[in-house]
Amino acid sequence: MTDWSAADHQFMSRAVTIAWQGLYTTEPNPRVGCVLVKDGKLIAEGYHRKAGEGHAEVNALRRAAAQAKGCTAYVTLEPCSHFGKTPPCANALIDAGVVEVVVGMVDPNPQVSGNGLKKLQQAGIRVRCGLMEAQCRQLNPGFIKRMAEGMPFVRLKMAASLDGRTAMASGESQWITGPLARQDVQRLRARSSAIISGIASIIHDDASLTVREAELGLDNAAEIAQRQPLRVILDSSARMPEQAKLLSLPGRTLIVSCVDAPEFVAANDSVEWLKLPAYNGGIDLQRLLQALASRECNEVLVETGATLAGAFMAAGLVDELVLYQAMKLLGSNARPMFLLPLDKMSEQKQLQLVDSRVLGDDLRLTLIPRQE
Ligand code: AOF
Ligand code: ZN
């Protein structure tokens, strides 16, 4: 066991904070922060902003210039050892004369995975790993899961009334929650690599499933909205209308079906058709998620009605449920959150509350399924 000092915590905590600045822009890369420290003083810091641009360490080293010599580097993720879109950070740290590297967690990327730490050690650099690992892992649930399991991190978002209803029987659902909750949903979309929805939301609501700059309420909203998450529509029997709004919006759409593509798809460069086998009367969701991981999707957001939400939940494919709950009753004719026919108490799905906060007049609950 390594003993961590208060100063160690202070500097890693700063590295975690700045890593979050990449929340909306790094994918498919992880969010990473780095601070360089000498004689207890912060010399320079850097974070990874965008795939293809400098990694956190390189950005910090660039700022420190000659002062990097003799520094300790605090990095939220193991420095990379491979040539990807950019050269290895381990080499950059060695060349700059850094004497110690403190790391939050090992990089789950098999191309790195311990090699970065080894390279540093072999160059005579003192390496300590595992400081504030939980906080460092929290930055990258999707990247970690994709690297470790070949699956994206699945976040299911629902907006419901106090009595757990998501729409009237007619399908009418605008609006259950207030503007702050809806702004928060835009931010969930913006941090996601893909948004999954069912064909019903296209047929009935002509949903756009885009990140809307004006609703993000962030300083760099324009830049964030430029990178639209992949829109994934589950359309098992090919009911997608040729005129659907989302097919002509900026960004790409992936239509997942059990049958062949209609003709109009070939003429649209921003639309991809993926045919998957049927499973339990619908699309094989496991296969769907694997297909998204192979397209480098880290975090995916499921925004859908009771049928698909129930199917994801029943299949144990939900990593996190974000529930926006409005303090109103929609009554017993309205639609439930999940189509999940259970009969016995022993069949219940248990969730663990990990965060709750008030957004205007609504409540936001973040829950994770309990392992059965
Ligand atoms: C680091 N620091 O800030 C990041 C790292 O294609 P590239 O060159 O951008 O490399 C991407 C891989 O590098 C990514 O899969 C992950 O393993 C690591 N990301 N590593 O040392 C960083 N973003
Ligand atoms: Zn790197």
# chains A, B, ... in the order shown; residues from 1 in each chain; ligands from 1

$ residues_near_ligand --ligand "ligand 2" --cutoff "7 Å" --atoms "only C-alpha atoms and all ligand atoms" --output "number ranges by chain"
A: 55, 57, 79-80, 88-89

$ write_last_selection --atoms "N, CA and C atoms" --output "mmCIF file, in the first residue's frame"
data_model
loop_
_atom_site.group_PDB
_atom_site.id
_atom_site.type_symbol
_atom_site.label_atom_id
_atom_site.label_comp_id
_atom_site.auth_asym_id
_atom_site.auth_seq_id
_atom_site.Cartn_x
_atom_site.Cartn_y
_atom_site.Cartn_z
ATOM 1 N N HIS A 55 -2.413 15.189 -25.576
ATOM 2 C CA HIS A 55 -2.886 14.554 -24.351
ATOM 3 C C HIS A 55 -2.600 15.479 -23.168
ATOM 4 N N GLU A 57 -0.837 15.262 -20.440
ATOM 5 C CA GLU A 57 0.557 15.418 -20.007
ATOM 6 C C GLU A 57 1.314 16.364 -20.939
ATOM 7 N N PRO A 79 -0.032 7.340 -18.086
ATOM 8 C CA PRO A 79 0.466 7.940 -19.336
ATOM 9 C C PRO A 79 0.605 6.884 -20.427
ATOM 10 N N CYS A 80 0.265 7.254 -21.642
ATOM 11 C CA CYS A 80 0.258 6.250 -22.704
ATOM 12 C C CYS A 80 1.672 5.930 -23.172
ATOM 13 N N PRO A 88 3.769 8.844 -27.641
ATOM 14 C CA PRO A 88 3.546 8.426 -26.251
ATOM 15 C C PRO A 88 3.860 9.506 -25.214
ATOM 16 N N CYS A 89 2.962 9.669 -24.244
ATOM 17 C CA CYS A 89 3.177 10.639 -23.165
ATOM 18 C C CYS A 89 4.298 10.189 -22.243
#

$ closest_atom_pairs --of "chain A" --to "ligand 1" --cutoff "9 Å" --atoms "only C-alpha atoms and all ligand atoms" --output "Markdown table"
| residue | atom | partner | partner_atom_place_in_ligand_line | distance |
| --- | --- | --- | --- | --- |
| A:Ala19 | CA | ligand 1 | 3 (O) | 8.6 |
| A:Thr26 | CA | ligand 1 | 23 (N) | 7.5 |
| A:Pro28 | CA | ligand 1 | 15 (O) | 7.6 |
| A:Asn29 | CA | ligand 1 | 14 (C) | 5.1 |
| A:Pro30 | CA | ligand 1 | 23 (N) | 5.0 |
| A:Arg31 | CA | ligand 1 | 23 (N) | 6.0 |
| A:Val32 | CA | ligand 1 | 3 (O) | 4.6 |
| A:Gly33 | CA | ligand 1 | 3 (O) | 6.6 |
| A:Cys34 | CA | ligand 1 | 3 (O) | 7.9 |
| A:Gly46 | CA | ligand 1 | 3 (O) | 8.6 |
| A:Tyr47 | CA | ligand 1 | 3 (O) | 6.3 |
| A:His48 | CA | ligand 1 | 3 (O) | 4.5 |
| A:Arg49 | CA | ligand 1 | 3 (O) | 8.1 |
| A:Lys50 | CA | ligand 1 | 9 (O) | 8.0 |
| A:Ala51 | CA | ligand 1 | 9 (O) | 5.0 |
| A:Gly52 | CA | ligand 1 | 9 (O) | 5.1 |
| A:Glu53 | CA | ligand 1 | 9 (O) | 6.8 |
| A:Gly54 | CA | ligand 1 | 3 (O) | 7.1 |
| A:His55 | CA | ligand 1 | 3 (O) | 3.4 |
| A:Ala56 | CA | ligand 1 | 3 (O) | 3.8 |
| A:Glu57 | CA | ligand 1 | 2 (N) | 6.0 |
| A:Val58 | CA | ligand 1 | 3 (O) | 7.8 |
| A:Asn59 | CA | ligand 1 | 3 (O) | 8.5 |
| A:Val75 | CA | ligand 1 | 2 (N) | 7.9 |
| A:Thr76 | CA | ligand 1 | 2 (N) | 8.4 |
| A:Leu77 | CA | ligand 1 | 1 (C) | 6.4 |
| A:Glu78 | CA | ligand 1 | 21 (O) | 5.8 |
| A:Pro79 | CA | ligand 1 | 21 (O) | 3.3 |
| A:Cys80 | CA | ligand 1 | 21 (O) | 3.9 |
| A:Ser81 | CA | ligand 1 | 21 (O) | 7.6 |
| A:His82 | CA | ligand 1 | 8 (O) | 7.5 |
| A:Phe83 | CA | ligand 1 | 8 (O) | 6.1 |
| A:Gly84 | CA | ligand 1 | 8 (O) | 3.5 |
| A:Lys85 | CA | ligand 1 | 8 (O) | 3.6 |
| A:Thr86 | CA | ligand 1 | 8 (O) | 3.7 |
| A:Pro87 | CA | ligand 1 | 8 (O) | 6.2 |
| A:Pro88 | CA | ligand 1 | 21 (O) | 7.1 |
| A:Cys89 | CA | ligand 1 | 21 (O) | 5.2 |
| A:Ala90 | CA | ligand 1 | 21 (O) | 7.3 |
| A:Asp107 | CA | ligand 1 | 17 (O) | 5.8 |
| A:Pro108 | CA | ligand 1 | 17 (O) | 7.0 |
| A:Asn109 | CA | ligand 1 | 17 (O) | 4.7 |
| A:Pro110 | CA | ligand 1 | 17 (O) | 7.8 |
| A:Gln111 | CA | ligand 1 | 17 (O) | 7.0 |
| A:Val112 | CA | ligand 1 | 17 (O) | 6.1 |
| A:Ser113 | CA | ligand 1 | 17 (O) | 8.0 |
| A:Gly116 | CA | ligand 1 | 21 (O) | 8.1 |
| A:Phe143 | CA | ligand 1 | 15 (O) | 8.0 |
| A:Met147 | CA | ligand 1 | 15 (O) | 8.4 |

$ write_last_selection --atoms "N, CA and C atoms" --output "compact mmCIF listing (two decimals), in the first residue's frame"
# COMPACT_ATOMS: atom_id res chain seq x y z
N ALA A 19 -9.63 17.65 -15.63
CA ALA A 19 -9.99 16.60 -16.60
C ALA A 19 -11.45 16.73 -17.01
N THR A 26 -13.85 15.02 -25.56
CA THR A 26 -12.72 14.10 -25.80
C THR A 26 -13.10 12.83 -26.56
N PRO A 28 -13.74 9.78 -28.93
CA PRO A 28 -13.76 8.51 -28.18
C PRO A 28 -12.64 8.36 -27.17
N ASN A 29 -11.82 9.40 -26.99
CA ASN A 29 -10.73 9.32 -26.02
C ASN A 29 -11.25 9.54 -24.60
N PRO A 30 -10.45 9.16 -23.61
CA PRO A 30 -10.86 9.40 -22.22
C PRO A 30 -10.61 10.85 -21.80
N ARG A 31 -11.27 11.24 -20.72
CA ARG A 31 -11.04 12.57 -20.12
C ARG A 31 -9.88 12.41 -19.14
N VAL A 32 -8.85 13.23 -19.32
CA VAL A 32 -7.63 13.08 -18.52
C VAL A 32 -7.12 14.46 -18.10
N GLY A 33 -6.62 14.55 -16.87
CA GLY A 33 -6.02 15.79 -16.38
C GLY A 33 -4.63 15.53 -15.83
N CYS A 34 -3.77 16.54 -15.89
CA CYS A 34 -2.39 16.40 -15.42
C CYS A 34 -1.93 17.70 -14.77
N GLY A 46 -2.62 20.72 -17.43
CA GLY A 46 -3.15 20.52 -18.77
C GLY A 46 -4.22 19.43 -18.75
N TYR A 47 -5.13 19.48 -19.71
CA TYR A 47 -6.13 18.41 -19.81
C TYR A 47 -6.26 18.02 -21.27
N HIS A 48 -6.83 16.85 -21.51
CA HIS A 48 -7.06 16.41 -22.88
C HIS A 48 -8.38 17.00 -23.34
N ARG A 49 -8.31 17.72 -24.46
CA ARG A 49 -9.51 18.43 -24.93
C ARG A 49 -10.23 17.64 -26.01
N LYS A 50 -9.46 17.08 -26.92
CA LYS A 50 -10.08 16.50 -28.10
C LYS A 50 -9.18 15.44 -28.70
N ALA A 51 -9.77 14.33 -29.17
CA ALA A 51 -8.99 13.29 -29.82
C ALA A 51 -8.23 13.89 -31.00
N GLY A 52 -6.95 13.52 -31.11
CA GLY A 52 -6.13 14.07 -32.18
C GLY A 52 -5.29 15.25 -31.71
N GLU A 53 -5.77 15.91 -30.64
CA GLU A 53 -4.99 17.01 -30.06
C GLU A 53 -4.14 16.46 -28.92
N GLY A 54 -3.32 17.33 -28.30
CA GLY A 54 -2.39 16.90 -27.26
C GLY A 54 -3.07 16.21 -26.09
N HIS A 55 -2.41 15.19 -25.58
CA HIS A 55 -2.89 14.55 -24.35
C HIS A 55 -2.60 15.48 -23.17
N ALA A 56 -3.21 15.17 -22.02
CA ALA A 56 -3.11 16.03 -20.84
C ALA A 56 -1.66 16.32 -20.46
N GLU A 57 -0.84 15.26 -20.44
CA GLU A 57 0.56 15.42 -20.01
C GLU A 57 1.31 16.36 -20.94
N VAL A 58 1.11 16.16 -22.25
CA VAL A 58 1.82 16.97 -23.24
C VAL A 58 1.40 18.43 -23.13
N ASN A 59 0.13 18.67 -22.90
CA ASN A 59 -0.35 20.05 -22.74
C ASN A 59 0.26 20.70 -21.50
N VAL A 75 -1.26 12.52 -12.72
CA VAL A 75 -2.08 12.26 -13.91
C VAL A 75 -3.24 11.34 -13.52
N THR A 76 -4.44 11.66 -14.00
CA THR A 76 -5.61 10.86 -13.61
C THR A 76 -5.61 9.47 -14.25
N LEU A 77 -4.91 9.34 -15.40
CA LEU A 77 -4.85 8.06 -16.11
C LEU A 77 -3.39 7.76 -16.45
N GLU A 78 -3.03 6.49 -16.42
CA GLU A 78 -1.66 6.08 -16.76
C GLU A 78 -1.20 6.74 -18.08
N PRO A 79 -0.03 7.34 -18.09
CA PRO A 79 0.47 7.94 -19.34
C PRO A 79 0.61 6.88 -20.43
N CYS A 80 0.26 7.25 -21.64
CA CYS A 80 0.26 6.25 -22.70
C CYS A 80 1.67 5.93 -23.17
N SER A 81 1.82 4.74 -23.73
CA SER A 81 3.14 4.23 -24.13
C SER A 81 3.16 3.94 -25.62
N HIS A 82 2.05 4.22 -26.30
CA HIS A 82 1.93 3.79 -27.70
C HIS A 82 1.85 5.01 -28.63
N PHE A 83 2.10 4.76 -29.89
CA PHE A 83 1.89 5.79 -30.90
C PHE A 83 0.47 5.66 -31.43
N GLY A 84 -0.41 6.56 -31.03
CA GLY A 84 -1.78 6.58 -31.55
C GLY A 84 -1.85 7.73 -32.54
N LYS A 85 -2.83 8.62 -32.32
CA LYS A 85 -2.89 9.83 -33.16
C LYS A 85 -1.77 10.78 -32.74
N THR A 86 -1.24 10.54 -31.51
CA THR A 86 -0.15 11.38 -30.98
C THR A 86 0.93 10.46 -30.40
N PRO A 87 2.18 10.96 -30.24
CA PRO A 87 3.25 10.11 -29.69
C PRO A 87 3.05 9.83 -28.19
N PRO A 88 3.77 8.84 -27.64
CA PRO A 88 3.55 8.43 -26.25
C PRO A 88 3.86 9.51 -25.21
N CYS A 89 2.96 9.67 -24.24
CA CYS A 89 3.18 10.64 -23.16
C CYS A 89 4.30 10.19 -22.24
N ALA A 90 4.46 8.87 -22.06
CA ALA A 90 5.53 8.38 -21.19
C ALA A 90 6.86 8.93 -21.68
N ASP A 107 -4.34 2.54 -17.39
CA ASP A 107 -5.15 2.72 -18.61
C ASP A 107 -5.71 1.36 -19.05
N PRO A 108 -7.05 1.23 -19.13
CA PRO A 108 -7.63 -0.06 -19.54
C PRO A 108 -7.41 -0.39 -21.01
N ASN A 109 -6.89 0.58 -21.78
CA ASN A 109 -6.60 0.33 -23.19
C ASN A 109 -5.51 -0.74 -23.29
N PRO A 110 -5.81 -1.91 -23.91
CA PRO A 110 -4.82 -2.99 -23.96
C PRO A 110 -3.50 -2.57 -24.62
N GLN A 111 -3.53 -1.52 -25.44
CA GLN A 111 -2.28 -1.04 -26.06
C GLN A 111 -1.36 -0.36 -25.03
N VAL A 112 -1.95 0.02 -23.88
CA VAL A 112 -1.16 0.72 -22.86
C VAL A 112 -1.05 -0.19 -21.62
N SER A 113 -2.17 -0.30 -20.89
CA SER A 113 -2.35 -1.21 -19.77
C SER A 113 -1.09 -1.67 -19.01
N GLY A 116 2.85 1.86 -19.90
CA GLY A 116 3.25 3.25 -19.65
C GLY A 116 4.01 3.34 -18.32
N PHE A 143 -15.39 4.85 -21.52
CA PHE A 143 -14.10 4.44 -22.07
C PHE A 143 -13.62 3.16 -21.35
N MET A 147 -13.19 -0.50 -23.20
CA MET A 147 -11.87 -1.13 -23.27
C MET A 147 -11.87 -2.49 -22.56

$ residues_around --residues "Ser237 of chain A" --least-positions-apart "4" --cutoff "8 Å" --atoms "only C-alpha atoms" --output "VMD selection string"
chain A and resid 257 to 259

$ closest_residue --among "A:Asp260, A:Glu213, A:Glu149, A:Asp163" --to "Ala334 of chain A" --atoms "only C-alpha atoms"
A:Asp163

$ closest_residue --among "A:Gln352, A:Asn298, A:Gln325, A:Ser248" --to "Leu139 of chain A" --atoms "only C-alpha atoms"
A:Asn298

$ residues_around --residues "Glu303 of chain A" --least-positions-apart "6" --cutoff "9 Å" --atoms "only C-alpha atoms" --output "list in words"
Arg155, Leu156, Lys157, Met158, Ile195, Ile196, Ser197, Gly198, Leu209 and Ala309 of chain A

$ write_last_selection --atoms "C-alpha atoms" --output "compact mmCIF listing (two decimals), in the first residue's frame"
# COMPACT_ATOMS: atom_id res chain seq x y z
CA ARG A 155 -27.30 5.44 -19.32
CA LEU A 156 -31.09 5.25 -19.40
CA LYS A 157 -32.84 8.59 -19.07
CA MET A 158 -36.49 8.89 -18.10
CA ILE A 195 -28.41 8.41 -28.34
CA ILE A 196 -30.63 5.36 -28.75
CA SER A 197 -34.35 5.70 -29.35
CA GLY A 198 -37.20 3.69 -30.79
CA LEU A 209 -32.40 13.66 -30.90
CA ALA A 309 -36.74 0.76 -21.46

$ residues_around --residues "Leu42 of chain A" --least-positions-apart "5" --cutoff "10 Å" --atoms "only C-alpha atoms" --output "ChimeraX atom specification"
/A:11,14,35-37,64,71-73

$ select_by_dssp --residues "segment 178-210 of chain A" --states "strand (DSSP E or B)" --output "VMD selection string"
chain A and resid 194 to 198

$ select_by_dssp --residues "segment 42-136 of chain A" --states "helix (DSSP H, G or I)" --output "MDAnalysis selection string"
chainID A and resid 56:68 89:95 115:122 133:136

$ write_last_selection --atoms "N, CA and C atoms" --output "mmCIF file, in the first residue's frame"
data_model
loop_
_atom_site.group_PDB
_atom_site.id
_atom_site.type_symbol
_atom_site.label_atom_id
_atom_site.label_comp_id
_atom_site.auth_asym_id
_atom_site.auth_seq_id
_atom_site.Cartn_x
_atom_site.Cartn_y
_atom_site.Cartn_z
ATOM 1 N N ALA A 56 -3.212 15.166 -22.019
ATOM 2 C CA ALA A 56 -3.109 16.028 -20.839
ATOM 3 C C ALA A 56 -1.658 16.324 -20.463
ATOM 4 N N GLU A 57 -0.837 15.262 -20.440
ATOM 5 C CA GLU A 57 0.557 15.418 -20.007
ATOM 6 C C GLU A 57 1.314 16.364 -20.939
ATOM 7 N N VAL A 58 1.105 16.164 -22.248
ATOM 8 C CA VAL A 58 1.818 16.968 -23.236
ATOM 9 C C VAL A 58 1.397 18.428 -23.130
ATOM 10 N N ASN A 59 0.126 18.667 -22.898
ATOM 11 C CA ASN A 59 -0.346 20.046 -22.743
ATOM 12 C C ASN A 59 0.262 20.703 -21.501
ATOM 13 N N ALA A 60 0.365 19.937 -20.410
ATOM 14 C CA ALA A 60 0.970 20.487 -19.186
ATOM 15 C C ALA A 60 2.464 20.732 -19.395
ATOM 16 N N LEU A 61 3.138 19.771 -20.036
ATOM 17 C CA LEU A 61 4.594 19.913 -20.265
ATOM 18 C C LEU A 61 4.900 21.128 -21.139
ATOM 19 N N ARG A 62 4.054 21.334 -22.128
ATOM 20 C CA ARG A 62 4.255 22.464 -23.033
ATOM 21 C C ARG A 62 4.199 23.773 -22.251
ATOM 22 N N ARG A 63 3.253 23.859 -21.334
ATOM 23 C CA ARG A 63 3.114 25.083 -20.533
ATOM 24 C C ARG A 63 4.284 25.267 -19.569
ATOM 25 N N ALA A 64 4.773 24.140 -19.029
ATOM 26 C CA ALA A 64 5.851 24.229 -18.040
ATOM 27 C C ALA A 64 7.182 24.553 -18.706
ATOM 28 N N ALA A 65 7.326 24.170 -19.968
ATOM 29 C CA ALA A 65 8.590 24.330 -20.726
ATOM 30 C C ALA A 65 9.773 23.827 -19.887
ATOM 31 N N ALA A 66 10.820 24.613 -19.725
ATOM 32 C CA ALA A 66 12.039 24.146 -19.038
ATOM 33 C C ALA A 66 11.792 23.844 -17.563
ATOM 34 N N GLN A 67 10.736 24.439 -17.007
ATOM 35 C CA GLN A 67 10.449 24.217 -15.579
ATOM 36 C C GLN A 67 9.981 22.797 -15.268
ATOM 37 N N ALA A 68 9.681 22.017 -16.315
ATOM 38 C CA ALA A 68 9.199 20.646 -16.098
ATOM 39 C C ALA A 68 10.272 19.767 -15.460
ATOM 40 N N CYS A 89 2.962 9.669 -24.244
ATOM 41 C CA CYS A 89 3.177 10.639 -23.165
ATOM 42 C C CYS A 89 4.298 10.189 -22.243
ATOM 43 N N ALA A 90 4.463 8.872 -22.064
ATOM 44 C CA ALA A 90 5.533 8.378 -21.188
ATOM 45 C C ALA A 90 6.863 8.929 -21.684
ATOM 46 N N ASN A 91 7.104 8.863 -22.996
ATOM 47 C CA ASN A 91 8.351 9.397 -23.566
ATOM 48 C C ASN A 91 8.486 10.889 -23.304
ATOM 49 N N ALA A 92 7.381 11.609 -23.465
ATOM 50 C CA ALA A 92 7.424 13.064 -23.277
ATOM 51 C C ALA A 92 7.802 13.398 -21.833
ATOM 52 N N LEU A 93 7.266 12.642 -20.878
ATOM 53 C CA LEU A 93 7.571 12.888 -19.455
ATOM 54 C C LEU A 93 9.044 12.591 -19.168
ATOM 55 N N ILE A 94 9.545 11.485 -19.761
ATOM 56 C CA ILE A 94 10.954 11.105 -19.578
ATOM 57 C C ILE A 94 11.858 12.198 -20.162
ATOM 58 N N ASP A 95 11.557 12.573 -21.400
ATOM 59 C CA ASP A 95 12.401 13.562 -22.085
ATOM 60 C C ASP A 95 12.421 14.905 -21.359
ATOM 61 N N ASN A 115 2.017 -0.747 -19.569
ATOM 62 C CA ASN A 115 3.252 -0.480 -20.327
ATOM 63 C C ASN A 115 3.775 0.930 -20.094
ATOM 64 N N GLY A 116 2.852 1.864 -19.896
ATOM 65 C CA GLY A 116 3.253 3.248 -19.647
ATOM 66 C C GLY A 116 4.005 3.344 -18.321
ATOM 67 N N LEU A 117 3.454 2.677 -17.293
ATOM 68 C CA LEU A 117 4.094 2.700 -15.965
ATOM 69 C C LEU A 117 5.469 2.056 -16.040
ATOM 70 N N LYS A 118 5.547 0.924 -16.756
ATOM 71 C CA LYS A 118 6.807 0.185 -16.877
ATOM 72 C C LYS A 118 7.874 1.052 -17.564
ATOM 73 N N LYS A 119 7.463 1.676 -18.632
ATOM 74 C CA LYS A 119 8.395 2.522 -19.396
ATOM 75 C C LYS A 119 8.989 3.623 -18.511
ATOM 76 N N LEU A 120 8.124 4.239 -17.694
ATOM 77 C CA LEU A 120 8.579 5.316 -16.807
ATOM 78 C C LEU A 120 9.569 4.772 -15.779
ATOM 79 N N GLN A 121 9.194 3.622 -15.188
ATOM 80 C CA GLN A 121 10.059 3.015 -14.166
ATOM 81 C C GLN A 121 11.424 2.650 -14.741
ATOM 82 N N GLN A 122 11.387 2.091 -15.955
ATOM 83 C CA GLN A 122 12.640 1.689 -16.587
ATOM 84 C C GLN A 122 13.554 2.881 -16.857
ATOM 85 N N GLU A 133 -8.413 6.693 -7.024
ATOM 86 C CA GLU A 133 -8.811 5.890 -8.194
ATOM 87 C C GLU A 133 -10.314 5.995 -8.480
ATOM 88 N N ALA A 134 -11.135 6.007 -7.429
ATOM 89 C CA ALA A 134 -12.588 6.064 -7.650
ATOM 90 C C ALA A 134 -12.975 7.327 -8.417
ATOM 91 N N GLN A 135 -12.399 8.462 -8.020
ATOM 92 C CA GLN A 135 -12.721 9.728 -8.701
ATOM 93 C C GLN A 135 -12.197 9.724 -10.141
ATOM 94 N N CYS A 136 -11.037 9.095 -10.337
ATOM 95 C CA CYS A 136 -10.465 9.046 -11.688
ATOM 96 C C CYS A 136 -11.300 8.130 -12.590
#

$ residues_around --residues "Thr25 of chain A" --least-positions-apart "2" --cutoff "8 Å" --atoms "only C-alpha atoms" --output "ChimeraX atom specification"
/A:22-23,27,49-50,191,224,227

$ closest_residue --among "A:Phe153, A:Tyr279, A:Tyr324, A:Tyr74" --to "Leu180 of chain A" --atoms "only C-alpha atoms"
A:Tyr324

$ decode --residues "segment 159-178 of chain A" --atoms "N, CA and C atoms" --output "PDB file, in the first residue's frame"
ATOM      1  N   ALA A 159     -38.091  10.689 -17.964  1.00  0.00           N
ATOM      2  CA  ALA A 159     -38.765  11.806 -17.308  1.00  0.00           C
ATOM      3  C   ALA A 159     -40.140  11.294 -16.908  1.00  0.00           C
ATOM      4  N   ALA A 160     -40.462  11.400 -15.644  1.00  0.00           N
ATOM      5  CA  ALA A 160     -41.719  10.828 -15.168  1.00  0.00           C
ATOM      6  C   ALA A 160     -42.383  11.734 -14.143  1.00  0.00           C
ATOM      7  N   SER A 161     -43.652  11.465 -13.922  1.00  0.00           N
ATOM      8  CA  SER A 161     -44.404  12.180 -12.895  1.00  0.00           C
ATOM      9  C   SER A 161     -44.113  11.539 -11.537  1.00  0.00           C
ATOM     10  N   LEU A 162     -44.654  12.150 -10.507  1.00  0.00           N
ATOM     11  CA  LEU A 162     -44.485  11.589  -9.159  1.00  0.00           C
ATOM     12  C   LEU A 162     -45.064  10.175  -9.098  1.00  0.00           C
ATOM     13  N   ASP A 163     -46.127   9.938  -9.862  1.00  0.00           N
ATOM     14  CA  ASP A 163     -46.707   8.593  -9.880  1.00  0.00           C
ATOM     15  C   ASP A 163     -46.105   7.722 -10.993  1.00  0.00           C
ATOM     16  N   GLY A 164     -44.901   8.072 -11.439  1.00  0.00           N
ATOM     17  CA  GLY A 164     -44.138   7.179 -12.320  1.00  0.00           C
ATOM     18  C   GLY A 164     -44.686   7.033 -13.725  1.00  0.00           C
ATOM     19  N   ARG A 165     -45.341   8.079 -14.221  1.00  0.00           N
ATOM     20  CA  ARG A 165     -45.917   8.008 -15.581  1.00  0.00           C
ATOM     21  C   ARG A 165     -45.109   8.891 -16.528  1.00  0.00           C
ATOM     22  N   THR A 166     -44.943   8.440 -17.772  1.00  0.00           N
ATOM     23  CA  THR A 166     -44.058   9.143 -18.701  1.00  0.00           C
ATOM     24  C   THR A 166     -44.789   9.857 -19.833  1.00  0.00           C
ATOM     25  N   ALA A 167     -46.068   9.564 -20.017  1.00  0.00           N
ATOM     26  CA  ALA A 167     -46.868  10.198 -21.079  1.00  0.00           C
ATOM     27  C   ALA A 167     -48.334   9.848 -20.833  1.00  0.00           C
ATOM     28  N   MET A 168     -49.231  10.650 -21.419  1.00  0.00           N
ATOM     29  CA  MET A 168     -50.646  10.283 -21.340  1.00  0.00           C
ATOM     30  C   MET A 168     -50.873   9.085 -22.259  1.00  0.00           C
ATOM     31  N   ALA A 169     -52.026   8.453 -22.158  1.00  0.00           N
ATOM     32  CA  ALA A 169     -52.301   7.265 -22.974  1.00  0.00           C
ATOM     33  C   ALA A 169     -52.191   7.596 -24.467  1.00  0.00           C
ATOM     34  N   SER A 170     -52.498   8.845 -24.834  1.00  0.00           N
ATOM     35  CA  SER A 170     -52.421   9.280 -26.243  1.00  0.00           C
ATOM     36  C   SER A 170     -50.981   9.399 -26.724  1.00  0.00           C
ATOM     37  N   GLY A 171     -50.043   9.418 -25.796  1.00  0.00           N
ATOM     38  CA  GLY A 171     -48.635   9.633 -26.148  1.00  0.00           C
ATOM     39  C   GLY A 171     -48.190  11.043 -25.822  1.00  0.00           C
ATOM     40  N   GLU A 172     -49.170  11.919 -25.521  1.00  0.00           N
ATOM     41  CA  GLU A 172     -48.842  13.316 -25.214  1.00  0.00           C
ATOM     42  C   GLU A 172     -47.938  13.380 -23.978  1.00  0.00           C
ATOM     43  N   SER A 173     -46.792  14.101 -24.119  1.00  0.00           N
ATOM     44  CA  SER A 173     -45.852  14.116 -22.989  1.00  0.00           C
ATOM     45  C   SER A 173     -45.172  15.472 -22.797  1.00  0.00           C
ATOM     46  N   GLN A 174     -45.569  16.472 -23.569  1.00  0.00           N
ATOM     47  CA  GLN A 174     -44.909  17.773 -23.456  1.00  0.00           C
ATOM     48  C   GLN A 174     -45.721  18.728 -22.596  1.00  0.00           C
ATOM     49  N   TRP A 175     -45.191  19.191 -21.466  1.00  0.00           N
ATOM     50  CA  TRP A 175     -43.960  18.773 -20.851  1.00  0.00           C
ATOM     51  C   TRP A 175     -44.257  18.216 -19.486  1.00  0.00           C
ATOM     52  N   ILE A 176     -43.509  17.222 -19.112  1.00  0.00           N
ATOM     53  CA  ILE A 176     -43.658  16.700 -17.751  1.00  0.00           C
ATOM     54  C   ILE A 176     -42.716  17.453 -16.822  1.00  0.00           C
ATOM     55  N   THR A 177     -41.444  17.549 -17.231  1.00  0.00           N
ATOM     56  CA  THR A 177     -40.472  18.240 -16.381  1.00  0.00           C
ATOM     57  C   THR A 177     -40.273  19.674 -16.864  1.00  0.00           C
ATOM     58  N   GLY A 178     -39.617  20.468 -16.030  1.00  0.00           N
ATOM     59  CA  GLY A 178     -39.420  21.890 -16.318  1.00  0.00           C
ATOM     60  C   GLY A 178     -38.133  22.166 -17.093  1.00  0.00           C
TER      61      GLY A 178
END
